[in-house]
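Asks: Okay, handing you the structure first.
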Amino acid sequence: MLPRKSIIPEEFAFSPALVSPIPRKPVFRDRVNKARFIAKSGACNLSHKNIREQGRFLQDVVTTLVDLKWRFTLVIFSMTFLCSWLLFAMFWWLVAFAHGDLDPNRKPGVQQCVTNVNSFTSAFLFSIEVQVTIGFGGRMITEQCPTAITLLILQNIISLIINAVMLGCIFMKTAQSHRRAETLIFSRRAVIAVRNNRLCFMIRVGDLRKSMIINAVVRLQVVRKTTTPEGEVIPIHQIDVQTESAVTSNSIFLLAPLIICHVIDKDSPLYDLSAMELQCSDLEVIVILEGVVETTGISTQARTSYVTEEIQWGHRFVPIVTEEEGVYSVDYSKFGNTVKVATPCCSARELDEKPSILIQTLQKSELSQQNSLRKRTSMCRITLCARATLCTATIPLSLCPKCSSSPLRVDQILQAHDKSPG
């Protein structure tokens, strides 16, 4: 088996984020635990109250039936057929009663409108046979009653309409677009790190199915409570956030998990937020993934959101796409894993005003890595010397078949004794 080669660079800086050396007075605010607008599963955390015009829902019956829960839909489905059977059973009973078919003293030579309909029970059974086209053969209409023929035509037309509406609702409910969205996944946390010398807000999206999402588009919105200069309070202020994919093209090719990146520039609502101020803010980042299902052609949408507690400053997603025997494979067990990287804790505005902050942070990170590497090297040398001393003290060179020929270096002694079974 060929060794795995990552198609994503595996150069990660594992040092923690360093504090900016330039003094800056942070703005602290009391953290308010507000309800999130969009749940992690994509459900909208919104309730409608005091709706006076309830009749508007009945004007669009099909959409109302599709939006209902399954238990209510099945109850309505069953009750509709049962009520229609009972209604037409009453009509057939009235036709038989008006013609005198229910009279036990009727003349023997008079033919019935519907044969073998002598009670309401038999009329109910005949109504079921007509509407579902069973046709057992024991009951049937005759040419004696034009009213019965008209009622038969009317029941057939109404039964076709009921079947079309109910079966259409069941099909639309089973083929709803949010079912396909169950296999569109997002990372549990978002990260902010430096990419191409700019602070970036990043998330990871993926599709678990092999069938692709055509014309997939990812949109970001920041939802926060704002107050206008005139004193108007907007509890849910939605601000569109631009992504790299939206700048270069209109859609993304979601063949493998992708990292959606938003560059925090002067047009970003995150431009003035530092690492400390981000934790004190009450904003919420909403992610919307839209596209067309390849197999059915139905549009689908998947949603999630990230509050400030779910945004990690100074982290980066680990690579999960590798090449093995000529095939690219995705390890979804590491889908949401992140590592710490050197990232300035200042805001993007300060980083643009003073680019030296980023240079100093990267230099300190590189210096920290070099010091860590030196410590590891010195520890390895101490360990090798200790093992060499122990080896020469317990096994004389004259008795050791690996060391009796000539004086050896420390690494040769250790290599010889590691390979020796004794």
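FYI, nothing fancy with the structure tokens labels: chains A, B, ... in order, residues from 1 per chain, ligands from 1 as they appear.
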Could you pull out the alpha helix (DSSP H) residues of range 33-213 of chain A, going by DSSP on the backbone, and write them as a PyMOL selection string?

Replies: chain A and resi 55-58+61-67+70-99+120-131+146-174+177-180

Asks: As a ChimeraX atom specification, please: the residues near range 162-175 of chain A (cut-off 8 Å, only C-alpha atoms, same-chain neighbours under 6 positions excluded).

Replies: /A:62,65-67,77,80-81

Asks: Residues as selected, N, CA and C atoms, written as a compact mmCIF listing (two decimals), in the first residue's frame, can you do that?

Replies:
# COMPACT_ATOMS: atom_id res chain seq x y z
N VAL A 62 -52.92 22.68 0.50
CA VAL A 62 -51.85 21.71 0.19
C VAL A 62 -50.61 22.02 1.02
N LEU A 65 -51.18 21.12 4.66
CA LEU A 65 -51.10 19.68 4.92
C LEU A 65 -49.66 19.18 4.88
N VAL A 66 -48.86 19.74 3.97
CA VAL A 66 -47.46 19.31 3.88
C VAL A 66 -46.67 19.76 5.10
N ASP A 67 -46.98 20.94 5.62
CA ASP A 67 -46.25 21.47 6.77
C ASP A 67 -46.64 20.80 8.08
N PHE A 77 -55.72 12.27 6.56
CA PHE A 77 -55.81 11.37 5.41
C PHE A 77 -56.87 10.30 5.64
N THR A 80 -60.55 11.86 6.02
CA THR A 80 -61.13 12.33 4.76
C THR A 80 -61.81 11.20 4.01
N PHE A 81 -61.15 10.05 3.90
CA PHE A 81 -61.76 8.92 3.21
C PHE A 81 -62.97 8.39 3.99

Asks: How far is it from CA of Asp272 in chain A to CA of Lys40 in chain A, in Å with one decimal?

Replies: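 Between these atoms lies a distance of 26.1 Å.
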
Asks: Provide the CA of Glu277 in chain A to CA of Gly336 in chain A distance in Å, to one decimal place.

Replies: 24.3 Å
